[in-house]
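S.K.: Here you go, one structure.
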Amino acid sequence: MGRPFGGGQAAVEVALAVVPLLVVVGAALYLRGQHRRYGRPHGLPGRLTTAALVTGVALAAYAVWPLPASADGLCTGNGSAGGGPPHTAWDAALALGLFTAVGLLARHRFRRGAVETLVIGAALAASVAAVRATGVLGLYPCAYAPASALLVALGVVGTLAGWTAARRLLPLWPGGPARGWPAAVPDRVDPALDRRMTGALIDLGLWWFGASAVTALLHAYGVVLPLAGGRTGEVALLGLALVCAVLLPQLRSDRATPGPAAVGLALGERGSPRPASRWRVLLRTLLLQAPVAVLVALGLPWAALAVAALHACTALVRPDRAGLADLVCGVRVRTRSSLDGGLPSRLVRYSEPRAQARAGASAGPARPPREPV
């Protein structure tokens, strides 16, 4: 069976772009699901939700680390066609620590039982070992990282240790263990800066790694653009910026780009609970995202960072956290729920029991009490 994309440096370039892109997409889908189910993350459950995301990203990084940029000399004395180099003490300790976090979060955050947690831990460990043993699913010519049955065993042991610690040791904490699973709350307050920053980082990751993936796939399949030299990457960056920052907000009811949409944010009119006008959103894009995209494509990242900092300077001092481009265009960053009135799907709602409702309907209207004679 042949290797993907014919092997060689073309396949390595695909791995360097597609693997980070998949991690960013997975993080965006995870955050989108959490916000739709529970609303705004808050308290210890919110921190555990973030810890679960960090643990997932760390597992993905551990599976592909160090993701070499070149296959030259990779299999000489370092990897082999079998199971890669032997495990080191640091590698084993890192695997044990990561899967201990998996077990602890499975019990304390997601309320999973022992058997289900062990199955999840074993499946994750086997997946990590498979990615390592196959050289990132065949994109690399050999296994460059340790991959053996010891990795799966460490994953199972670490998962069981984490679950046991959450089950047996947390109740011994002074004052008792705090609730680790979230309760859904309406998401109507102004979003905090860290939430907006998360959306911006997701946008940046989707844009940068998406353009890199498009460029790598075009090179891997031998597609030649009618441009010279290294212009393919610049065209991919500008084209993806056009789609994500200009077209998608005009088509979406919340006027958000993919990153803010993943964390439940939207663009609304100033002083009005309705989505921002399309022309205001387009003007904001031309003042903020468009200069950043052009400057990055031209190889001027520090100038692009200066544009972003200029926009953020007012958000740091204003109580409504409005950026400079927001003030100029008359828009505000709000939660999607504050515009469409939506509620989290896990929010507890009171409804009258059916039997009581039927009894009340059959009894008819209540009669006034009789006056004493």
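Ligands are numbered from 1 in the order shown, residues from 1 within each chain, and chains are lettered A, B, ... in the order they appear in the structure tokens.
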Which neighbours of Arg255 in chain A fall inside 9 Å, counting only C-alpha atoms, when residues of the same chain fewer than 6 positions from it are skipped, and could you give them as an MDAnalysis selection string?

M.R.: chainID A and resid 248:249 261 266:268 275:278 281

S.K.: Can I get the selected residues back with C-alpha atoms, as a tab-separated table (two decimals), in the first residue's frame?

M.R.:
chain	number	residue	atom	x	y	z
A	248	LEU	CA	-19.25	34.40	6.08
A	249	PRO	CA	-20.24	37.28	8.44
A	261	ALA	CA	-19.14	32.04	16.57
A	266	ALA	CA	-22.02	37.98	17.76
A	267	LEU	CA	-21.88	41.54	16.43
A	268	GLY	CA	-24.80	43.73	17.45
A	275	PRO	CA	-27.60	42.00	14.79
A	276	ALA	CA	-25.39	44.66	13.29
A	277	SER	CA	-26.16	45.95	9.83
A	278	ARG	CA	-24.23	44.30	7.04
A	281	VAL	CA	-19.87	44.70	9.64

S.K.: Write out as a list in words each polymer residue whose atoms come within 7 Å of range 134-139 of chain A, counting only C-alpha atoms; drop sequence neighbours fewer than 4 positions from it.

M.R.: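 Everything that qualifies: Arg3, Pro4, Gly7, Ala11, Val12, Ala15, Val64, Ala130, Ala143 and Tyr144 of chain A.
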
S.K.: Between CA of Val185 in chain A and CA of Gly46 in chain A, what is the distance in Å, rounded to a tenth?

M.R.: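 CA of Val185 in chain A sits 11.7 Å away from CA of Gly46 in chain A.
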
S.K.: Quick one: residues within 7 Å of Pro186 in chain A, only C-alpha atoms, excluding same-chain residues fewer than 4 positions away - as a PyMOL selection string?

M.R.: chain A and resi 39+343-344

S.K.: From a DSSP pass on the backbone, collect the residues of range 8-142 of chain A flagged as alpha helix (DSSP H) and hand them back as a PyMOL selection string.

M.R.: chain A and resi 8-38+43-64+89-108+114-133+135-138

S.K.: Which residues are close to Val157 in chain A, i.e. within 12 Å by only C-alpha atoms, leaving aside same-chain residues fewer than 2 positions away? Reply as number ranges by chain.

M.R.: A: 92-93, 95-103, 117-119, 121-122, 125, 150-155, 159-164

S.K.: From a backbone DSSP assignment, name each residue in range 174-358 of chain A labelled strand (DSSP E or B), as a PyMOL selection string.

M.R.: chain A and resi 265-269+275+331-335

S.K.: Put those residues in a file: N, CA, C and O atoms, as a PDB file, in the first residue's frame.

M.R.:
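Result went into part_18.pdb, see below:
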ATOM      1  N   LEU A 265     -20.298  34.231  20.329  1.00  0.00           N
ATOM      2  CA  LEU A 265     -20.293  35.687  20.234  1.00  0.00           C
ATOM      3  C   LEU A 265     -20.957  36.144  18.942  1.00  0.00           C
ATOM      4  O   LEU A 265     -21.095  35.376  17.983  1.00  0.00           O
ATOM      5  N   ALA A 266     -21.365  37.398  18.920  1.00  0.00           N
ATOM      6  CA  ALA A 266     -22.024  37.982  17.762  1.00  0.00           C
ATOM      7  C   ALA A 266     -21.713  39.467  17.724  1.00  0.00           C
ATOM      8  O   ALA A 266     -21.211  40.046  18.692  1.00  0.00           O
ATOM      9  N   LEU A 267     -22.010  40.095  16.593  1.00  0.00           N
ATOM     10  CA  LEU A 267     -21.876  41.539  16.435  1.00  0.00           C
ATOM     11  C   LEU A 267     -23.267  42.156  16.419  1.00  0.00           C
ATOM     12  O   LEU A 267     -24.111  41.785  15.586  1.00  0.00           O
ATOM     13  N   GLY A 268     -23.506  43.082  17.357  1.00  0.00           N
ATOM     14  CA  GLY A 268     -24.804  43.734  17.447  1.00  0.00           C
ATOM     15  C   GLY A 268     -24.693  45.228  17.249  1.00  0.00           C
ATOM     16  O   GLY A 268     -23.608  45.816  17.318  1.00  0.00           O
ATOM     17  N   GLU A 269     -25.846  45.851  17.006  1.00  0.00           N
ATOM     18  CA  GLU A 269     -25.896  47.302  16.879  1.00  0.00           C
ATOM     19  C   GLU A 269     -25.632  47.951  18.238  1.00  0.00           C
ATOM     20  O   GLU A 269     -25.991  47.413  19.279  1.00  0.00           O
ATOM     21  N   PRO A 275     -28.886  42.152  15.482  1.00  0.00           N
ATOM     22  CA  PRO A 275     -27.596  42.000  14.788  1.00  0.00           C
ATOM     23  C   PRO A 275     -27.201  43.279  14.064  1.00  0.00           C
ATOM     24  O   PRO A 275     -28.042  44.077  13.641  1.00  0.00           O
ATOM     25  N   VAL A 331     -20.762  49.293  16.262  1.00  0.00           N
ATOM     26  CA  VAL A 331     -21.157  47.922  16.593  1.00  0.00           C
ATOM     27  C   VAL A 331     -20.564  47.563  17.949  1.00  0.00           C
ATOM     28  O   VAL A 331     -19.655  48.224  18.446  1.00  0.00           O
ATOM     29  N   ARG A 332     -21.100  46.494  18.531  1.00  0.00           N
ATOM     30  CA  ARG A 332     -20.611  45.991  19.806  1.00  0.00           C
ATOM     31  C   ARG A 332     -20.552  44.470  19.745  1.00  0.00           C
ATOM     32  O   ARG A 332     -21.416  43.834  19.126  1.00  0.00           O
ATOM     33  N   VAL A 333     -19.550  43.906  20.391  1.00  0.00           N
ATOM     34  CA  VAL A 333     -19.436  42.452  20.498  1.00  0.00           C
ATOM     35  C   VAL A 333     -20.327  41.995  21.649  1.00  0.00           C
ATOM     36  O   VAL A 333     -20.143  42.419  22.790  1.00  0.00           O
ATOM     37  N   ARG A 334     -21.281  41.133  21.359  1.00  0.00           N
ATOM     38  CA  ARG A 334     -22.214  40.630  22.356  1.00  0.00           C
ATOM     39  C   ARG A 334     -22.300  39.122  22.241  1.00  0.00           C
ATOM     40  O   ARG A 334     -21.731  38.504  21.337  1.00  0.00           O
ATOM     41  N   THR A 335     -23.028  38.515  23.160  1.00  0.00           N
ATOM     42  CA  THR A 335     -23.283  37.088  23.067  1.00  0.00           C
ATOM     43  C   THR A 335     -24.420  36.848  22.078  1.00  0.00           C
ATOM     44  O   THR A 335     -25.318  37.683  21.915  1.00  0.00           O
TER      45      THR A 335
END

S.K.: If we count only C-alpha atoms, what is near range 216-223 of chain A at a cut-off of 7 Å, once residues fewer than 6 positions away on the same chain are taken out, given as a PDB file with all heavy atoms, in the first residue's frame?

M.R.:
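Saved to part07.pdb:
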ATOM      1  N   PHE A   5       0.001  10.865  -0.547  1.00  0.00           N
ATOM      2  CA  PHE A   5       0.630  11.931  -1.336  1.00  0.00           C
ATOM      3  C   PHE A   5       1.992  11.525  -1.887  1.00  0.00           C
ATOM      4  O   PHE A   5       2.844  12.377  -2.144  1.00  0.00           O
ATOM      5  CB  PHE A   5       0.774  13.205  -0.505  1.00  0.00           C
ATOM      6  CG  PHE A   5      -0.503  13.633   0.159  1.00  0.00           C
ATOM      7  CD1 PHE A   5      -0.682  13.467   1.524  1.00  0.00           C
ATOM      8  CD2 PHE A   5      -1.532  14.184  -0.594  1.00  0.00           C
ATOM      9  CE1 PHE A   5      -1.860  13.847   2.134  1.00  0.00           C
ATOM     10  CE2 PHE A   5      -2.709  14.567   0.017  1.00  0.00           C
ATOM     11  CZ  PHE A   5      -2.877  14.405   1.385  1.00  0.00           C
ATOM     12  N   ALA A  10       6.617  16.406   0.238  1.00  0.00           N
ATOM     13  CA  ALA A  10       5.254  16.898   0.027  1.00  0.00           C
ATOM     14  C   ALA A  10       4.322  16.394   1.121  1.00  0.00           C
ATOM     15  O   ALA A  10       3.487  17.138   1.644  1.00  0.00           O
ATOM     16  CB  ALA A  10       4.753  16.470  -1.352  1.00  0.00           C
ATOM     17  N   ALA A  11       4.458  15.109   1.484  1.00  0.00           N
ATOM     18  CA  ALA A  11       3.623  14.562   2.552  1.00  0.00           C
ATOM     19  C   ALA A  11       3.958  15.191   3.899  1.00  0.00           C
ATOM     20  O   ALA A  11       3.072  15.419   4.732  1.00  0.00           O
ATOM     21  CB  ALA A  11       3.807  13.043   2.617  1.00  0.00           C
ATOM     22  N   GLU A  13       5.003  18.274   4.376  1.00  0.00           N
ATOM     23  CA  GLU A  13       4.396  19.603   4.378  1.00  0.00           C
ATOM     24  C   GLU A  13       2.903  19.527   4.666  1.00  0.00           C
ATOM     25  O   GLU A  13       2.341  20.392   5.362  1.00  0.00           O
ATOM     26  CB  GLU A  13       4.649  20.293   3.037  1.00  0.00           C
ATOM     27  CG  GLU A  13       6.101  20.671   2.799  1.00  0.00           C
ATOM     28  CD  GLU A  13       6.305  21.342   1.458  1.00  0.00           C
ATOM     29  OE1 GLU A  13       5.292  21.483   0.727  1.00  0.00           O
ATOM     30  OE2 GLU A  13       7.438  21.723   1.143  1.00  0.00           O
ATOM     31  N   VAL A  14       2.230  18.511   4.157  1.00  0.00           N
ATOM     32  CA  VAL A  14       0.809  18.330   4.452  1.00  0.00           C
ATOM     33  C   VAL A  14       0.608  18.078   5.942  1.00  0.00           C
ATOM     34  O   VAL A  14      -0.304  18.634   6.568  1.00  0.00           O
ATOM     35  CB  VAL A  14       0.232  17.180   3.606  1.00  0.00           C
ATOM     36  CG1 VAL A  14      -1.187  16.839   4.058  1.00  0.00           C
ATOM     37  CG2 VAL A  14       0.236  17.555   2.132  1.00  0.00           C
TER      38      VAL A  14
END

S.K.: Contacts of range 203-207 of chain A at 9 Å or less, counting only C-alpha atoms, minus same-chain residues fewer than 2 places along, as a PyMOL selection string?

M.R.: chain A and resi 20-21+24-25+198-201+209-212+237+240-241+244-245+257-260

S.K.: Which one of A:Leu59, A:Ala304, A:Ala192, A:Pro174 sits closest to Ala126 in chain A if you count only C-alpha atoms?

M.R.: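 When distances to Ala126 in chain A are compared using only C-alpha atoms, the smallest one comes from A:Leu59.
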
S.K.: Of the residues A:Leu305, A:Leu247, A:Ala184, A:Ala290, which is the one nearest to Val348 in chain A, using only C-alpha atoms?

M.R.: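 Using only C-alpha atoms, Val348 in chain A sits closest to A:Ala184.
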
S.K.: Quick one: everything within 12 Å of Tyr30 in chain A, counting only C-alpha atoms, minus sequence neighbours fewer than 6 positions away in the same chain. Send it as a ChimeraX atom specification.

M.R.: /A:23-24,36-37,49-50,52-54,56-57,202,262-264

S.K.: Kindly indicate which residue among A:Ala123, A:Val19, A:Leu48, A:Cys329 lies nearest to Pro182 in chain A, using only C-alpha atoms for the distances.

M.R.: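 For Pro182 in chain A, the nearest of the given residues is A:Leu48.
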
S.K.: What is the distance, in Å and to one decimal place, between CA of Leu286 in chain A and CA of Arg321 in chain A?

M.R.: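 Interatomic distance, CA of Leu286 in chain A to CA of Arg321 in chain A: 20.1 Å.
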
S.K.: Hey, which of A:Ala183, A:Val128, A:Pro146, A:Leu172 ends up closest to Ala89 in chain A? Count only C-alpha atoms.

M.R.: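 Closest to Ala89 in chain A, using only C-alpha atoms: A:Pro146.
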